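Asks: Have a peek at upload-v6.tsv (TSV, N, CA and C atoms).
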```
chain	number	residue	atom	x	y	z
A	1	MET	N	-210.43	77.80	84.15
A	1	MET	CA	-209.67	76.60	84.01
A	1	MET	C	-210.05	75.89	82.71
A	2	GLU	N	-211.26	76.04	82.33
A	2	GLU	CA	-211.73	75.41	81.12
A	2	GLU	C	-211.04	76.00	79.89
A	3	ARG	N	-210.81	77.28	79.93
A	3	ARG	CA	-210.15	77.94	78.79
A	3	ARG	C	-208.70	77.47	78.63
A	4	SER	N	-207.98	77.30	79.73
A	4	SER	CA	-206.59	76.83	79.66
A	4	SER	C	-206.54	75.38	79.18
A	5	ASP	N	-207.54	74.58	79.52
A	5	ASP	CA	-207.58	73.20	79.04
A	5	ASP	C	-207.81	73.18	77.54
A	6	ASN	N	-208.67	74.07	77.05
A	6	ASN	CA	-208.93	74.15	75.61
A	6	ASN	C	-207.67	74.60	74.86
A	7	LEU	N	-206.96	75.58	75.43
A	7	LEU	CA	-205.74	76.07	74.80
A	7	LEU	C	-204.68	74.99	74.78
A	8	LEU	N	-204.57	74.22	75.85
A	8	LEU	CA	-203.61	73.13	75.92
A	8	LEU	C	-203.94	72.03	74.91
A	9	SER	N	-205.19	71.71	74.75
A	9	SER	CA	-205.58	70.69	73.77
A	9	SER	C	-205.33	71.18	72.34
A	10	VAL	N	-205.50	72.48	72.09
A	10	VAL	CA	-205.21	73.04	70.77
A	10	VAL	C	-203.72	72.92	70.48
A	11	PHE	N	-202.88	73.22	71.47
A	11	PHE	CA	-201.43	73.07	71.29
A	11	PHE	C	-201.05	71.62	71.05
A	12	LYS	N	-201.68	70.69	71.77
A	12	LYS	CA	-201.38	69.27	71.61
A	12	LYS	C	-201.73	68.78	70.21
A	13	ILE	N	-202.69	69.40	69.58
A	13	ILE	CA	-203.11	68.98	68.24
A	13	ILE	C	-202.27	69.68	67.16
A	14	PHE	N	-202.13	71.01	67.26
A	14	PHE	CA	-201.52	71.77	66.17
A	14	PHE	C	-199.99	71.79	66.19
A	15	VAL	N	-199.36	71.66	67.33
A	15	VAL	CA	-197.89	71.68	67.38
A	15	VAL	C	-197.31	70.49	66.59
A	16	PRO	N	-197.79	69.26	66.78
A	16	PRO	CA	-197.25	68.18	65.94
A	16	PRO	C	-197.54	68.37	64.45
A	17	ILE	N	-198.70	68.90	64.12
A	17	ILE	CA	-199.03	69.14	62.70
A	17	ILE	C	-198.09	70.18	62.12
A	18	LEU	N	-197.88	71.29	62.84
A	18	LEU	CA	-196.98	72.34	62.35
A	18	LEU	C	-195.53	71.81	62.27
A	19	THR	N	-195.11	71.02	63.24
A	19	THR	CA	-193.75	70.44	63.21
A	19	THR	C	-193.58	69.52	62.01
A	20	PHE	N	-194.59	68.68	61.78
A	20	PHE	CA	-194.52	67.78	60.62
A	20	PHE	C	-194.48	68.58	59.32
A	21	GLY	N	-195.27	69.62	59.20
A	21	GLY	CA	-195.27	70.45	57.99
A	21	GLY	C	-193.93	71.14	57.78
A	22	PHE	N	-193.35	71.66	58.85
A	22	PHE	CA	-192.05	72.32	58.74
A	22	PHE	C	-190.97	71.33	58.31
A	23	LEU	N	-190.96	70.14	58.91
A	23	LEU	CA	-189.98	69.12	58.52
A	23	LEU	C	-190.18	68.67	57.07
A	24	ALA	N	-191.41	68.56	56.62
A	24	ALA	CA	-191.68	68.16	55.24
A	24	ALA	C	-191.14	69.21	54.27
A	25	ILE	N	-191.32	70.48	54.58
A	25	ILE	CA	-190.81	71.56	53.72
A	25	ILE	C	-189.28	71.54	53.69
A	26	CYS	N	-188.65	71.35	54.84
A	26	CYS	CA	-187.17	71.30	54.88
A	26	CYS	C	-186.65	70.10	54.10
A	27	CYS	N	-187.25	68.93	54.28
A	27	CYS	CA	-186.79	67.73	53.57
A	27	CYS	C	-186.96	67.89	52.06
A	28	THR	N	-188.07	68.48	51.63
A	28	THR	CA	-188.29	68.70	50.20
A	28	THR	C	-187.23	69.65	49.63
A	29	GLY	N	-186.89	70.68	50.38
A	29	GLY	CA	-185.85	71.61	49.92
A	29	GLY	C	-184.50	70.94	49.80
A	30	PHE	N	-184.13	70.16	50.81
A	30	PHE	CA	-182.85	69.44	50.75
A	30	PHE	C	-182.84	68.44	49.60
A	31	TRP	N	-183.95	67.76	49.38
A	31	TRP	CA	-184.04	66.78	48.29
A	31	TRP	C	-183.80	67.46	46.95
A	32	LYS	N	-184.40	68.62	46.74
A	32	LYS	CA	-184.22	69.34	45.47
A	32	LYS	C	-182.78	69.80	45.30
A	33	ILE	N	-182.15	70.24	46.38
A	33	ILE	CA	-180.75	70.68	46.30
A	33	ILE	C	-179.85	69.50	45.93
A	34	PHE	N	-180.05	68.35	46.58
A	34	PHE	CA	-179.22	67.18	46.28
A	34	PHE	C	-179.45	66.68	44.86
A	35	GLN	N	-180.69	66.74	44.38
A	35	GLN	CA	-180.97	66.32	43.01
A	35	GLN	C	-180.28	67.23	42.00
A	36	ARG	N	-180.26	68.54	42.27
A	36	ARG	CA	-179.60	69.48	41.36
A	36	ARG	C	-178.09	69.24	41.34
A	37	ILE	N	-177.50	69.00	42.51
A	37	ILE	CA	-176.06	68.72	42.58
A	37	ILE	C	-175.73	67.44	41.81
A	38	ARG	N	-176.56	66.41	41.97
A	38	ARG	CA	-176.33	65.14	41.27
A	38	ARG	C	-176.45	65.32	39.76
A	39	LYS	N	-177.44	66.10	39.33
A	39	LYS	CA	-177.63	66.35	37.90
A	39	LYS	C	-176.44	67.10	37.32
A	40	GLU	N	-175.92	68.10	38.03
A	40	GLU	CA	-174.76	68.84	37.56
A	40	GLU	C	-173.53	67.95	37.48
A	41	ARG	N	-173.38	67.04	38.43
A	41	ARG	CA	-172.23	66.13	38.43
A	41	ARG	C	-172.30	65.18	37.23
A	42	VAL	N	-173.49	64.67	36.93
A	42	VAL	CA	-173.66	63.78	35.78
A	42	VAL	C	-173.38	64.53	34.48
A	43	GLN	N	-173.86	65.76	34.38
A	43	GLN	CA	-173.60	66.56	33.18
A	43	GLN	C	-172.11	66.84	33.02
A	44	ALA	N	-171.40	67.07	34.11
A	44	ALA	CA	-169.95	67.31	34.04
A	44	ALA	C	-169.24	66.05	33.56
A	45	GLN	N	-169.68	64.87	34.01
A	45	GLN	CA	-169.07	63.63	33.56
A	45	GLN	C	-169.32	63.40	32.07
A	46	VAL	N	-170.50	63.73	31.60
A	46	VAL	CA	-170.82	63.57	30.18
A	46	VAL	C	-169.96	64.51	29.35
A	47	ARG	N	-169.79	65.74	29.83
A	47	ARG	CA	-168.93	66.70	29.11
A	47	ARG	C	-167.48	66.23	29.08
A	48	ALA	N	-167.01	65.62	30.17
A	48	ALA	CA	-165.63	65.14	30.22
A	48	ALA	C	-165.43	63.99	29.25
A	49	VAL	N	-166.43	63.15	29.07
A	49	VAL	CA	-166.31	62.02	28.15
A	49	VAL	C	-166.31	62.52	26.71
A	50	ASP	N	-167.04	63.58	26.43
A	50	ASP	CA	-167.13	64.10	25.07
A	50	ASP	C	-165.84	64.78	24.61
A	51	GLN	N	-164.99	65.19	25.53
A	51	GLN	CA	-163.76	65.86	25.15
A	51	GLN	C	-162.78	64.86	24.55
A	52	PRO	N	-162.01	65.25	23.53
A	52	PRO	CA	-161.05	64.31	22.93
A	52	PRO	C	-159.92	63.99	23.90
A	53	SER	N	-159.34	62.84	23.72
A	53	SER	CA	-158.26	62.39	24.58
A	53	SER	C	-157.03	63.27	24.37
A	54	VAL	N	-156.23	63.38	25.41
A	54	VAL	CA	-155.01	64.18	25.34
A	54	VAL	C	-153.98	63.49	24.45
A	55	TYR	N	-154.03	62.18	24.38
A	55	TYR	CA	-153.00	61.42	23.70
A	55	TYR	C	-153.23	61.24	22.20
A	56	VAL	N	-154.30	61.79	21.67
A	56	VAL	CA	-154.56	61.65	20.24
A	56	VAL	C	-153.66	62.62	19.48
A	57	ILE	N	-152.88	62.10	18.55
A	57	ILE	CA	-152.00	62.93	17.73
A	57	ILE	C	-152.51	62.85	16.31
A	58	PRO	N	-153.08	63.92	15.80
A	58	PRO	CA	-153.60	63.86	14.44
A	58	PRO	C	-152.46	63.87	13.42
A	59	ILE	N	-152.54	62.98	12.46
A	59	ILE	CA	-151.54	62.94	11.39
A	59	ILE	C	-152.28	62.90	10.07
A	60	SER	N	-151.66	63.44	9.09
A	60	SER	CA	-152.28	63.43	7.76
A	60	SER	C	-151.48	62.47	6.87
A	61	LEU	N	-152.16	61.44	6.39
A	61	LEU	CA	-151.55	60.46	5.51
A	61	LEU	C	-152.31	60.46	4.19
A	62	SER	N	-151.58	60.15	3.15
A	62	SER	CA	-152.24	60.03	1.85
A	62	SER	C	-153.05	58.73	1.83
A	63	GLU	N	-153.89	58.58	0.83
A	63	GLU	CA	-154.74	57.39	0.72
A	63	GLU	C	-153.90	56.12	0.59
A	64	ASP	N	-152.77	56.19	-0.13
A	64	ASP	CA	-151.92	55.01	-0.29
A	64	ASP	C	-151.25	54.62	1.04
A	65	GLU	N	-150.84	55.61	1.82
A	65	GLU	CA	-150.17	55.33	3.08
A	65	GLU	C	-151.12	54.74	4.13
A	66	LEU	N	-152.42	55.02	4.00
A	66	LEU	CA	-153.38	54.51	4.97
A	66	LEU	C	-153.57	53.01	4.85
A	67	HIS	N	-153.46	52.45	3.66
A	67	HIS	CA	-153.82	51.05	3.42
A	67	HIS	C	-152.64	50.12	3.22
A	68	ARG	N	-151.44	50.61	3.32
A	68	ARG	CA	-150.28	49.72	3.15
A	68	ARG	C	-149.78	49.28	4.52
A	69	PRO	N	-149.03	48.17	4.58
A	69	PRO	CA	-148.50	47.73	5.87
A	69	PRO	C	-147.45	48.72	6.39
A	70	PRO	N	-147.21	48.73	7.68
A	70	PRO	CA	-146.24	49.68	8.23
A	70	PRO	C	-144.83	49.39	7.73
A	71	ARG	N	-144.06	50.44	7.60
A	71	ARG	CA	-142.68	50.32	7.13
A	71	ARG	C	-141.77	50.57	8.32
A	72	TYR	N	-140.93	49.60	8.58
A	72	TYR	CA	-140.01	49.73	9.70
A	72	TYR	C	-138.65	50.16	9.19
A	73	SER	N	-138.07	51.13	9.88
A	73	SER	CA	-136.78	51.65	9.46
A	73	SER	C	-135.67	50.67	9.82
A	74	THR	N	-134.78	50.39	8.88
A	74	THR	CA	-133.64	49.51	9.14
A	74	THR	C	-132.34	50.27	8.97
A	75	VAL	N	-132.41	51.58	9.05
A	75	VAL	CA	-131.22	52.41	8.86
A	75	VAL	C	-130.26	52.23	10.03
A	76	GLN	N	-130.75	52.26	11.24
A	76	GLN	CA	-129.88	52.13	12.41
A	76	GLN	C	-129.86	50.68	12.86
A	77	PHE	N	-128.69	50.20	13.17
A	77	PHE	CA	-128.53	48.84	13.67
A	77	PHE	C	-127.80	48.90	15.00
A	78	TYR	N	-128.36	48.26	15.98
A	78	TYR	CA	-127.75	48.26	17.31
A	78	TYR	C	-127.18	46.89	17.59
A	79	GLU	N	-126.00	46.87	18.19
A	79	GLU	CA	-125.36	45.61	18.58
A	79	GLU	C	-126.18	44.98	19.71
A	80	PRO	N	-126.26	43.66	19.74
A	80	PRO	CA	-126.94	43.04	20.87
A	80	PRO	C	-126.11	43.21	22.13
A	81	PRO	N	-126.72	43.23	23.28
A	81	PRO	CA	-125.96	43.40	24.52
A	81	PRO	C	-125.07	42.18	24.76
A	82	PRO	N	-124.02	42.36	25.54
A	82	PRO	CA	-123.13	41.21	25.81
A	82	PRO	C	-123.86	40.16	26.65
A	83	ALA	N	-123.35	38.95	26.59
A	83	ALA	CA	-123.92	37.88	27.39
A	83	ALA	C	-123.72	38.20	28.87
A	84	TYR	N	-124.57	37.64	29.68
A	84	TYR	CA	-124.54	37.94	31.10
A	84	TYR	C	-123.20	37.56	31.75
A	85	HIS	N	-122.66	36.44	31.36
A	85	HIS	CA	-121.41	36.00	31.99
A	85	HIS	C	-120.20	36.81	31.51
A	86	GLU	N	-120.34	37.60	30.45
A	86	GLU	CA	-119.25	38.44	29.96
A	86	GLU	C	-119.25	39.83	30.57
A	87	MET	N	-120.30	40.19	31.26
A	87	MET	CA	-120.40	41.55	31.81
A	87	MET	C	-119.51	41.69	33.04
A	88	ASN	N	-118.93	42.87	33.20
A	88	ASN	CA	-118.09	43.18	34.36
A	88	ASN	C	-118.91	43.94	35.38
A	89	LEU	N	-118.53	43.81	36.64
A	89	LEU	CA	-119.21	44.56	37.69
A	89	LEU	C	-118.75	46.01	37.68
A	90	LYS	N	-119.63	46.87	38.09
A	90	LYS	CA	-119.27	48.28	38.19
A	90	LYS	C	-118.34	48.45	39.39
A	91	PRO	N	-117.36	49.36	39.29
A	91	PRO	CA	-116.43	49.52	40.41
A	91	PRO	C	-117.10	49.98	41.70
A	92	GLU	N	-118.14	50.80	41.60
A	92	GLU	CA	-118.79	51.27	42.83
A	92	GLU	C	-119.61	50.17	43.50
A	93	ALA	N	-119.91	49.09	42.76
A	93	ALA	CA	-120.67	47.99	43.35
A	93	ALA	C	-119.77	47.05	44.14
A	94	CYS	N	-118.48	47.04	43.87
A	94	CYS	CA	-117.55	46.14	44.56
A	94	CYS	C	-116.72	46.94	45.56
A	95	PRO	N	-116.63	46.48	46.79
A	95	PRO	CA	-115.77	47.18	47.73
A	95	PRO	C	-114.30	46.97	47.35
A	96	VAL	N	-113.47	47.96	47.65
A	96	VAL	CA	-112.06	47.89	47.32
A	96	VAL	C	-111.34	46.90	48.21
A	97	GLU	N	-111.67	46.90	49.48
A	97	GLU	CA	-111.01	46.00	50.42
A	97	GLU	C	-111.97	44.86	50.77
A	98	PRO	N	-111.44	43.69	51.04
A	98	PRO	CA	-112.31	42.57	51.38
A	98	PRO	C	-112.94	42.75	52.76
A	99	PRO	N	-114.00	42.07	53.03
A	99	PRO	CA	-114.63	42.21	54.35
A	99	PRO	C	-113.74	41.59	55.42
A	100	PRO	N	-113.95	41.91	56.68
A	100	PRO	CA	-113.12	41.35	57.75
A	100	PRO	C	-113.32	39.84	57.85
A	101	ALA	N	-112.30	39.20	58.38
A	101	ALA	CA	-112.35	37.74	58.52
A	101	ALA	C	-113.44	37.35	59.49
A	102	TYR	N	-114.00	36.18	59.30
A	102	TYR	CA	-115.07	35.67	60.15
A	102	TYR	C	-114.47	35.19	61.46
A	103	SER	N	-115.06	35.59	62.56
A	103	SER	CA	-114.60	35.11	63.86
A	103	SER	C	-115.82	34.83	64.72
A	104	GLU	N	-115.71	33.77	65.50
A	104	GLU	CA	-116.81	33.40	66.38
A	104	GLU	C	-116.60	34.03	67.74
A	105	SER	N	-117.70	34.43	68.34
A	105	SER	CA	-117.61	34.93	69.72
A	105	SER	C	-118.80	34.35	70.48
A	106	VAL	N	-118.52	33.94	71.68
A	106	VAL	CA	-119.55	33.34	72.53
A	106	VAL	C	-119.83	34.32	73.65
A	107	SER	N	-121.08	34.70	73.77
A	107	SER	CA	-121.44	35.61	74.84
A	107	SER	C	-122.29	34.85	75.84
A	108	PRO	N	-122.14	35.19	77.11
A	108	PRO	CA	-122.93	34.47	78.11
A	108	PRO	C	-124.42	34.76	77.91
A	109	SER	N	-125.20	33.73	78.08
A	109	SER	CA	-126.65	33.89	77.90
A	109	SER	C	-127.22	34.60	79.12
A	110	PRO	N	-128.19	35.44	78.92
A	110	PRO	CA	-128.77	36.15	80.06
A	110	PRO	C	-129.53	35.17	80.95
A	111	SER	N	-129.36	35.34	82.25
A	111	SER	CA	-130.02	34.43	83.19
A	111	SER	C	-131.43	34.92	83.42
A	112	HIS	N	-132.33	33.98	83.44
A	112	HIS	CA	-133.74	34.30	83.68
A	112	HIS	C	-134.07	33.99	85.12
A	113	SER	N	-134.41	35.01	85.88
A	113	SER	CA	-134.72	34.79	87.29
A	113	SER	C	-136.18	34.94	87.54
```
Represent the structure from my file as structure tokens, please.

Replies:
Amino acid sequence: MERSDNLLSVFKIFVPILTFGFLAICCTGFWKIFQRIRKERVQAQVRAVDQPSVYVIPISLSEDELHRPPRYSTVQFYEPPPAYHEMNLKPEACPVEPPPAYSESVSPSPSHS
């Protein structure tokens, strides 16, 4: 009986120590994996920022054209739109026939019992 008591006390001491060691190893492994994923994500964001914008259109201008004010073309002239009160309605926006005449109808109110 003494031997089984000694074995039981050894289990009571070493099982928590082994469990704690195993959990520490697992947590350290997960921590390293998450750190590597975070580092790769940050590097991908830095690479994305370094890439030139899609909307940049490179143009080549002479030195004189770079420093002068912009030149606006006046070749085409557009008429101003008509005034609001002069505009006509589109035919599809107006019904061809007028709406029906207004008529009143009285319906009995529902009785509440």

Asks: Quick one: distance from CA of Pro100 in chain A to CA of His85 in chain A in Å, one decimal?

Replies: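 It comes out at 27.6 Å.
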
Asks: To one decimal place in Å, what is the distance between atom N of Ser9 in chain A and atom C of Leu23 in chain A?

Replies: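 Separation of atom N of Ser9 in chain A and atom C of Leu23 in chain A: 23.4 Å.
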
Asks: May I ask for the distance between atom C of Asp5 in chain A and atom N of Ile17 in chain A, given in Å to one decimal place?

Replies: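 Spanning atom C of Asp5 in chain A to atom N of Ile17 in chain A is a straight-line distance of 16.8 Å.
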